[in-house]
Amino acid sequence: MTATLATGLPESEYQALRDSIFDAIWSELDPLETRIEDEERVPYDIVLPVLERIGAFGLLVPREYGGSGLSITQYLPIIAEFAKVQGGLRTIVHVHNSFAHALFEIGNDQQRMDILPGAATGKNSLAFALTEPGHGTGSDLGSMAVRDGGGYVLSGEKWLITNSDIASHFIVFAKTTETEVSAFIVPRDAAGLSIAPLPETMGCKGTEHGRLTFDSVRVPAEALVGAEGQGNEHLERALEISRVFIAASSLGTSERALELSIAHAKDRVTFGKPIGARQGIQRYLAEMATDIYALRGILADAAQKWDAGQRIPAEASMCKLFGLEAVGRVTDRALLIHGGIGYTRTHPIERLYRDARLNWLEEGTPTIQYHVTAGQLLNDYAFADAFGTASRN
Ligand SMILES: Cc1cc2nc3c(=O)[nH]c(=O)nc-3n(C[C@H](O)[C@H](O)[C@H](O)COP(=O)(O)OP(=O)(O)OC[C@H]3O[C@@H](n4cnc5c(N)ncnc54)[C@H](O)[C@@H]3O)c2cc1C
């Protein structure tokens, strides 16, 4: 199945959209940080109308379906900015946009028509249901979809599914034979689907990453995405670009940690001098900036390749891997620069440190990224020439 490439918004329109989103992030959403962290709950009654108003739900939905149709190059700075403020807000925006984008890429015309116009406004919201308590991922799934009459009957369990409390539709992966995985779009009100919360998380607090139980959930044949047995292909395609989005989140968190660290290094005086005057602290700052600069570079390259229509499985996994390592190093150093006060909840460094650790897990752990990258290299992926030409469609 092919999809039309998003060409992006004209530059002046893009800049106006980006500026208004950045303004709302800092003037309306950032002030909610303490409340969200204390209550461990995002106040949806405040946050969702803001996100709707600024167009945050339609960023990657093509214009013909009512969205902004940003290119990936245009989207990355926006998701990076969300990663600077309270992390639960970033996960809402990330999952919604990432999987609305995935639906456009892997869904058929009818599925796009049915769901994407609502996704552009925030009326509909897509979540991604892959991870299971009793199994691994990809072809190691316990969920089954059995053909029955004109449709399928789904049974099984998923957990850690972000936006499980607000999603209108789940893209669900289940086995249709012992060896084949297929993808289905399941509405949250499907009979037999129950959704329960899981305990609160270390960081990115305040949103739900719940457990879905499919107890003989009957879906029509139209719920199947693409062809039967295409599930692994779909999930690779969806996760490929989503890994780049996670790396952009690592970038945003890193940039914020560096900004705070520079300010602290200038302000904090010990032995009569700002700590920024000490070589040890300067080294931390320089290392943080170097990680950020490198991450910006690989993200720009990956986005430009994707926008040009190229598949980027190895690049996407390398972005995700380097991003999680970079934000780990950067937040480690930020904590060291801040000293003891950075470990208290009086300072955003403590929250950024916890939020960043979710980047380890989203869209696959480091071992998965090693596996994908090395698998591509060993499979003659055109990487050695630096500008491979593998076509996306
Ligand atoms: C807050 C949060 C939100 C999430 N949101 C979603 C979501 O929206 N949708 C969704 O589907 N999932 C979601 N996840 C799940 C997330 O993608 C997984 O937690 C992550 O991919 C790791 O899988 P796992 O938890 O099953 O760990 P496991 O698979 O149990 O892995 C544990 C460790 O073993 C390693 N390992 C496992 N298998 C292998 C192997 N074959 N070879 C080598 N090493 C291996 C892993 O790399 C890891 O280090 C979310 C998780 C969190 C914490």
# chains A, B, ... in the order shown; residues from 1 in each chain; ligands from 1
call {"tool": "residues_around", "arguments": {"residues": "Tyr353 in chain A", "least_positions_apart": "4", "cutoff": "7 Å", "atoms": "only C-alpha atoms", "output": "list in words"}}
result
Thr331, Ile349 and Arg357 of chain A
call {"tool": "select_by_dssp", "arguments": {"residues": "range 99-267 of chain A", "states": "helix (DSSP H, G or I)", "output": "number ranges by chain"}}
result
A: 99-106, 109-121, 221-223, 231-267
call {"tool": "residues_near_ligand", "arguments": {"ligand": "ligand 1", "cutoff": "9 Å", "atoms": "only C-alpha atoms and all ligand atoms", "output": "ChimeraX atom specification"}}
result
/A:91,95,127-137,158-164,172-173,200-205,207-210,358-369,371
call {"tool": "select_by_dssp", "arguments": {"residues": "range 125-260 of chain A", "states": "strand (DSSP E)", "output": "MDAnalysis selection string"}}
result
chainID A and resid 126:129 144:148 151:162 169:175 181:187 193:196 209:220 224:225
call {"tool": "closest_residue", "arguments": {"among": "A:Leu17, A:Ala100, A:Ala221, A:Leu239", "to": "Leu154 in chain A", "atoms": "only C-alpha atoms"}}
result
A:Ala221
call {"tool": "residues_around", "arguments": {"residues": "Thr7 in chain A", "least_positions_apart": "5", "cutoff": "9 Å", "atoms": "only C-alpha atoms", "output": "ChimeraX atom specification"}}
result
/A:69-71,307
call {"tool": "write_last_selection", "arguments": {"atoms": "all heavy atoms", "output": "PDB file, in the first residue's frame"}}
result
ATOM      1  N   GLY A  69      -0.607  18.672   8.062  1.00  0.00           N
ATOM      2  CA  GLY A  69       0.237  17.993   7.081  1.00  0.00           C
ATOM      3  C   GLY A  69       1.690  18.398   7.138  1.00  0.00           C
ATOM      4  O   GLY A  69       2.339  18.581   6.107  1.00  0.00           O
ATOM      5  N   LEU A  70       2.228  18.505   8.354  1.00  0.00           N
ATOM      6  CA  LEU A  70       3.639  18.882   8.467  1.00  0.00           C
ATOM      7  C   LEU A  70       4.533  17.805   7.879  1.00  0.00           C
ATOM      8  O   LEU A  70       4.239  16.608   7.964  1.00  0.00           O
ATOM      9  CB  LEU A  70       4.032  19.080   9.937  1.00  0.00           C
ATOM     10  CG  LEU A  70       3.332  20.185  10.729  1.00  0.00           C
ATOM     11  CD1 LEU A  70       4.028  20.365  12.077  1.00  0.00           C
ATOM     12  CD2 LEU A  70       3.311  21.497   9.966  1.00  0.00           C
ATOM     13  N   SER A  71       5.663  18.217   7.340  1.00  0.00           N
ATOM     14  CA  SER A  71       6.701  17.249   6.993  1.00  0.00           C
ATOM     15  C   SER A  71       7.354  16.807   8.299  1.00  0.00           C
ATOM     16  O   SER A  71       7.159  17.435   9.351  1.00  0.00           O
ATOM     17  CB  SER A  71       7.740  17.893   6.075  1.00  0.00           C
ATOM     18  OG  SER A  71       8.420  18.917   6.807  1.00  0.00           O
ATOM     19  N   ASP A 307      11.442  12.578   4.451  1.00  0.00           N
ATOM     20  CA  ASP A 307      10.636  13.537   3.672  1.00  0.00           C
ATOM     21  C   ASP A 307      10.881  13.380   2.174  1.00  0.00           C
ATOM     22  O   ASP A 307      10.018  13.729   1.364  1.00  0.00           O
ATOM     23  CB  ASP A 307      10.942  14.981   4.104  1.00  0.00           C
ATOM     24  CG  ASP A 307      10.308  15.324   5.453  1.00  0.00           C
ATOM     25  OD1 ASP A 307       9.322  14.655   5.834  1.00  0.00           O
ATOM     26  OD2 ASP A 307      10.806  16.241   6.129  1.00  0.00           O
TER      27      ASP A 307
END
call {"tool": "residues_around", "arguments": {"residues": "Thr179 in chain A", "least_positions_apart": "3", "cutoff": "10 Å", "atoms": "only C-alpha atoms", "output": "VMD selection string"}}
result
chain A and resid 139 to 141 175 to 176 229
call {"tool": "write_last_selection", "arguments": {"atoms": "N, CA, C and O atoms", "output": "compact mmCIF listing (two decimals), in the first residue's frame"}}
result
# COMPACT_ATOMS: atom_id res chain seq x y z
N SER A 139 6.68 -11.10 16.20
CA SER A 139 6.04 -12.40 16.00
C SER A 139 5.83 -13.15 17.30
O SER A 139 5.19 -14.19 17.31
N ASP A 140 6.35 -12.63 18.42
CA ASP A 140 6.14 -13.29 19.72
C ASP A 140 4.95 -12.64 20.44
O ASP A 140 5.10 -11.91 21.41
N LEU A 141 3.76 -12.91 19.92
CA LEU A 141 2.53 -12.36 20.50
C LEU A 141 1.63 -13.50 20.95
O LEU A 141 1.59 -14.57 20.32
N LYS A 175 -2.01 -12.35 16.30
CA LYS A 175 -1.68 -13.40 15.34
C LYS A 175 -2.93 -13.90 14.63
O LYS A 175 -3.96 -14.12 15.27
N THR A 176 -2.84 -14.06 13.32
CA THR A 176 -3.96 -14.65 12.58
C THR A 176 -3.64 -16.11 12.23
O THR A 176 -4.55 -16.86 11.86
N GLY A 229 -1.67 -11.00 7.69
CA GLY A 229 -0.26 -11.41 7.72
C GLY A 229 0.71 -10.26 7.49
O GLY A 229 1.92 -10.46 7.52
call {"tool": "closest_residue", "arguments": {"among": "A:Gly309, A:Gly323, A:Gly226, A:Pro49", "to": "Gln111 in chain A", "atoms": "only C-alpha atoms"}}
result
A:Gly226
call {"tool": "residues_around", "arguments": {"residues": "Ser68 in chain A", "least_positions_apart": "2", "cutoff": "10 Å", "atoms": "only C-alpha atoms", "output": "ChimeraX atom specification"}}
result
/A:6,8-9,13-14,17,55-66,70-71,120
call {"tool": "residues_around", "arguments": {"residues": "range 75-77 of chain A", "least_positions_apart": "4", "cutoff": "9 Å", "atoms": "only C-alpha atoms", "output": "ChimeraX atom specification"}}
result
/A:18,59-60,70-71,81-82,244-245,248-249,252,299-300,303
call {"tool": "residues_around", "arguments": {"residues": "Ala190 in chain A", "least_positions_apart": "2", "cutoff": "8 Å", "atoms": "only C-alpha atoms", "output": "list in words"}}
result
Val186, Pro187, Arg188, Gly192, Leu193, Val217, Arg218 and Val219 of chain A
call {"tool": "closest_residue", "arguments": {"among": "A:Ala16, A:Leu48, A:Ala145, A:Ile298", "to": "Ala314 in chain A", "atoms": "only C-alpha atoms"}}
result
A:Ile298
call {"tool": "closest_residue", "arguments": {"among": "A:Ala263, A:Leu335, A:Ile246, A:Ala238", "to": "Glu105 in chain A", "atoms": "only C-alpha atoms"}}
result
A:Ala238
call {"tool": "closest_residue", "arguments": {"among": "A:Arg268, A:Lys273, A:Arg53, A:Arg243", "to": "Ile21 in chain A", "atoms": "only C-alpha atoms"}}
result
A:Arg53
call {"tool": "closest_residue", "arguments": {"among": "A:Gly149, A:Gly156, A:Gly87, A:Gly297", "to": "Arg354 in chain A", "atoms": "only C-alpha atoms"}}
result
A:Gly87
